[in-house]
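What follows is a set of notes on a single structure, which appears directly below.
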Amino acid sequence: MSGDNAEQREIEAEQSYVDTVYERLDASAKVARSLVVEGMARGHVGNEGGLVERDAMVYQASKRLSALNAAHDGLVFGRLNMLNGESRYIGRIGVRDADREILLIDWRAPAAALFYQATAQEPAGVIRRRVLRCSNDQVIGIEDDLLDGDNAPDDMVVIGEGALLASLTRARDSSMHSVVATIQKEQDEAIRAPARGATTIGGGPGTGKTVVALHRAAYLLYTDRRRFESGGVLVVGPSSVFMSYIERVLPSLGETSVTLRSLGEVVDGLRAARHDDPVAAAAKGSSRMVKFLARAAAAPSPGAPSSFRYFYKDDVLRLDAQQLERIRRQLLAGSKRNRAYAKVPSALVDALWRQVRGERALEKGQEGFVETITTDDRFVDFVEQWWPPVEPIEVWRMLPDLIDQLAQGAFNAKEIAALKESWASEEPSIQDVPLIDELRYVIGELPDSGDDDDDNPKQLMSFERREREERVDRFRSTQSIEDDSFAHVLVDEAQDLSPMQWRMLGRRGRHASWTIVGDQAQSSWPYPQEAAAARRSALEGKPEHAFRLSTNYRNSAEIYDLAAKVAAVAVPDPDLAEAVRRTGESPQHHTVAESELADTVRRSAEEILGRVEGTVAIVTPRARLEPLRAELADVLSRHADRLRLLDGLDTKGLEFDGVVVVEPDGITDESSAGWRTLYVVLTRATQLLTTVGTTDRWSSRIA
């Protein structure tokens with residue numbers, strides 16, 4: 001029997017079993033759909049208990065249906081032939097037959113662990129590991145690993161060269177895919193690490209850190225669903241481009257309840273996409289910002305009145321700038337700015353009452369004075385102007401006017417100029433988001449209208465609530481700062497986090513377990529020691545479990561050999577992985593005149609597009625991004641489904657079949673982390689890499 005016939009017969013046999021599993025999946029989905037319909041039909045139930053029961057039924061049934069639908073494509077992907085004659089089929093979710101017997105084992109279950117952990121050196125009772133390559137519900141290929149040949153039956157068929165190597169050569173598209181069928185032993189160990197504390201996953205580019213971390217999130221939800229689903233799992237990545245790239249991984253594993261946010265979206269109500277220039281970004285990310293923001297939060301609003309005069313009976317009552325500042329300090333000593341808002345009228349009234357001397361005024365007493373002044377529009381207007389309740393975004397907009405006065409040596413002249421220029425924009429940058437989050441906590445939330453202050457006279461208790469709920473801003477947080485905490489926080493590209501970003505994430509993970517993914521050689525943050533201190537503070541008291549992934553599955557050895565030389569310039573002793581395959585395709589380099597740059601980039605991109613089946617990226621320094629977008633509009637439009645134009649930072653975590661790097665020297669010169677950024681850019685390519693520049697200083701440096 002020929003090899004092709006043997007493979008086809010094996011595929012047909014596996015298809016028969018897969019069909020049985022899908023029949024049970026469809027039956028389960030039918031039950032879930034009927035429960036949704038039944039629950040919705042209970043809408044006429046008039047009592048509260050009935051409505052709660054209906055909502056719970058619809059929610060649980062809809063959730064189950066969503067998980068079943070998400071797992072439909074490629075549901076069955078693995079099979080183990082055991083030494084005792086047992087066969088175990090492994091899939092994206094678990095499936096049982098009508099008699100509750102197991103048809104398919106969830107990949108996260110302990111019984112499935114051998115699929116990832118058994119090796120030829122330690123087969124652990126596994127004779128053959130088989131990967132089923134499926135398109136929707138059809139088996140289209142098989143790849144086998146024979147782990148225990150000595151105990152294999154004579155008639156056992158072994159197909160292919162191994163699932164992992166087969167998967168490495170497939171074309172990339174615009175999304176990351178689950179690698180649940182090809183997880184390797186060292187990756188599986190990180191996925192199944194203890195839930196408590198912080199699990200760190202390190203290693204060079206292409207080692208699968210990101211996808212392993214996402215599979216770990218799915219594993220944690222499987223092992224302790226009540227804890228992690230009710231508390232929430234937050235996945236944070238460097239950019240919206242990256243989040244779009246990974247968004248299909250967890251749903252494909254049957255998990256649809258995870259919160260995915262880029263660093264510009266972590267704070268509820270904000271959505272930032274632009275990066276600041278390196279000087280402003282470094283200043284905003286520095287821990288020096290903490291004291292400056294605290295001062296800004298306490299500072300009077302620009303244009304606030306500096307004095308108040310009031311005529312009462314025979315007295316002229318005054319509050320000058322010095323008195324008002326003293327009252328401000330007293331109020332802030334015991335409360336955050338917004339929480340102190342309720343006490344402002346009382347503090348001002350007390351200061352004014354102490355000045356009353358006239359007999360007519362004293363006859364009416366303090367209660368009469370309070371009644372008069374708190375119903376006087378002049379006093380009401382003064383309070384609202386002197387101490388208005390504020391949203392964090394309002395204070396953020398005041399920062400350009402406050403920095404000269406409040407910086408107090410924290411920032412130099414160049415940094416202050418860069419900060420002012422960056423804050424001229426109406427929209428916050430990615431680096432502004434943690435500043436606004438810091439202000440949320442420093443300023444505090446507005447007191448609820450029902451928060452009575454027993455120290456206030458009755459008249460003031462109604463005054464303090466006037467029109468407060470009308471203060472609405474489109475950046476206003478819709479979430480209480482008390483609701484920021486998650487049960488698990490997964491942060492990718494963690495080496496890029498600034499101290500302020502660590503503070504922002506730390507608030508969301510105070511009581512959480514963590515998964516932290518990163519590689520210091522790829523860091524875009526210029527001051528690693530400062531970031532490390534902030535990281536330790538965010539994880540204070542949590543035990544850490546460290547894992548290192550050692551094999552580069554992404555890059556060809558030819559590409560990674562070049563990138564490794566760049567890494568050696570970028571950082572001392574970089575963590576270099578071992579590339580497992582060679583393609584015979586060395587990187588191409590072109591040095592051209594400025595007038596020829598765009599045409600050479602166009603030709604290089606089109607050449608690579610013609611040679612690979614998947615996606616291609618053109619990566620350029622940020623300053624050239626928009627000019628190149630205009631010059632390359634034709635080719636970008638023709639290949640919109642396969643060709644991307646990005647700057648270096650937006651390539652973080654992505655991969656492409658081919659990459660054209662524009663002006664490598666421009667990337668290295670762009671910031672103090674430029675060499676690390678170039679290392680990142682070069683390691684995005686899986687098959688073909690071309691550089692195009694008007695200078696070649698970088699190549700001389702690594703020669």
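Order determines the names: the first chain of the structure tokens is A, the second B, and so forth; residues in each chain are numbered 1 upward, and ligands are numbered 1 upward as they are shown.
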Q) If you count only C-alpha atoms, which residues fall within 9 Å of Tyr553 of chain A, apart from same-chain ones fewer than 2 positions away, as a ChimeraX atom specification? A) /A:164-165,168,205-208,551,555-556,578-581,686
Q: Mind checking which residues fall within 7 Å of segment 646-656 of chain A, counting only C-alpha atoms, ignoring those fewer than 2 positions away in the same chain, and posting them as a VMD selection string?
A: chain A and resid 172 239 241 to 242 615 to 622 625 644 658 to 659 677 680 to 681 684 to 686
Q: Based on DSSP run over this structure's backbone, return all residues of segment 456-681 of chain A in helix (DSSP H, G or I), as number ranges by chain.
A: A: 458-463, 468-470, 481-483, 494-496, 499-508, 520-522, 528-538, 557-570, 594-611, 622-631, 633-638, 649-651, 664-669, 674-681
Q) Please, which residues of segment 168-332 of chain A, numbered as in this document, come out strand (DSSP E) from DSSP, as JSON, numbers by chain? A) {"A": [198, 199, 200, 201, 202, 203, 233, 234, 235, 236, 237, 259, 260, 261, 262, 308, 309, 310, 311, 312, 315, 316, 317, 318, 319]}
Print the selection's residues with C-alpha atoms to a file, as a short mmCIF file (atom, residue, chain, number, x, y, z; two decimals), in the first residue's frame.
data_model
loop_
_atom_site.label_atom_id
_atom_site.label_comp_id
_atom_site.auth_asym_id
_atom_site.auth_seq_id
_atom_site.Cartn_x
_atom_site.Cartn_y
_atom_site.Cartn_z
CA ALA A 198 3.08 35.94 39.31
CA THR A 199 4.18 33.68 36.46
CA THR A 200 6.84 35.26 34.26
CA ILE A 201 7.44 33.94 30.76
CA GLY A 202 10.70 35.07 29.19
CA GLY A 203 12.68 34.21 26.09
CA VAL A 233 -9.23 38.24 33.48
CA LEU A 234 -7.55 41.32 31.98
CA VAL A 235 -5.20 40.88 29.01
CA VAL A 236 -3.08 43.96 28.22
CA GLY A 237 -0.93 44.43 25.12
CA THR A 259 -11.22 41.54 28.74
CA LEU A 260 -8.64 42.54 26.09
CA ARG A 261 -7.24 46.08 26.24
CA SER A 262 -4.27 47.86 24.77
CA PHE A 308 -14.02 86.93 48.28
CA ARG A 309 -15.85 89.88 49.82
CA TYR A 310 -19.32 89.70 51.34
CA PHE A 311 -21.54 92.36 52.92
CA TYR A 312 -23.59 91.05 55.81
CA ASP A 315 -20.04 93.88 58.41
CA VAL A 316 -17.75 93.57 55.41
CA LEU A 317 -16.41 90.02 55.43
CA ARG A 318 -13.27 89.15 53.43
CA LEU A 319 -11.30 86.08 52.46
#
Q.
Which residues are near Ala213 of chain A? Cut-off 12 Å, only C-alpha atoms, ignore same chain within fewer than 3 positions. Put them as a VMD selection string.
A. chain A and resid 178 to 180 183 187 to 193 199 to 202 207 to 210 216 to 220 235 to 237 246 249 to 250 488 to 493 514 to 518 547 549
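Distances here use only C-alpha atoms; by that measure, the residue among A:Glu186, A:Pro574, A:Asn151, A:Met156 closest to Gln117 of chain A is A:Glu186.
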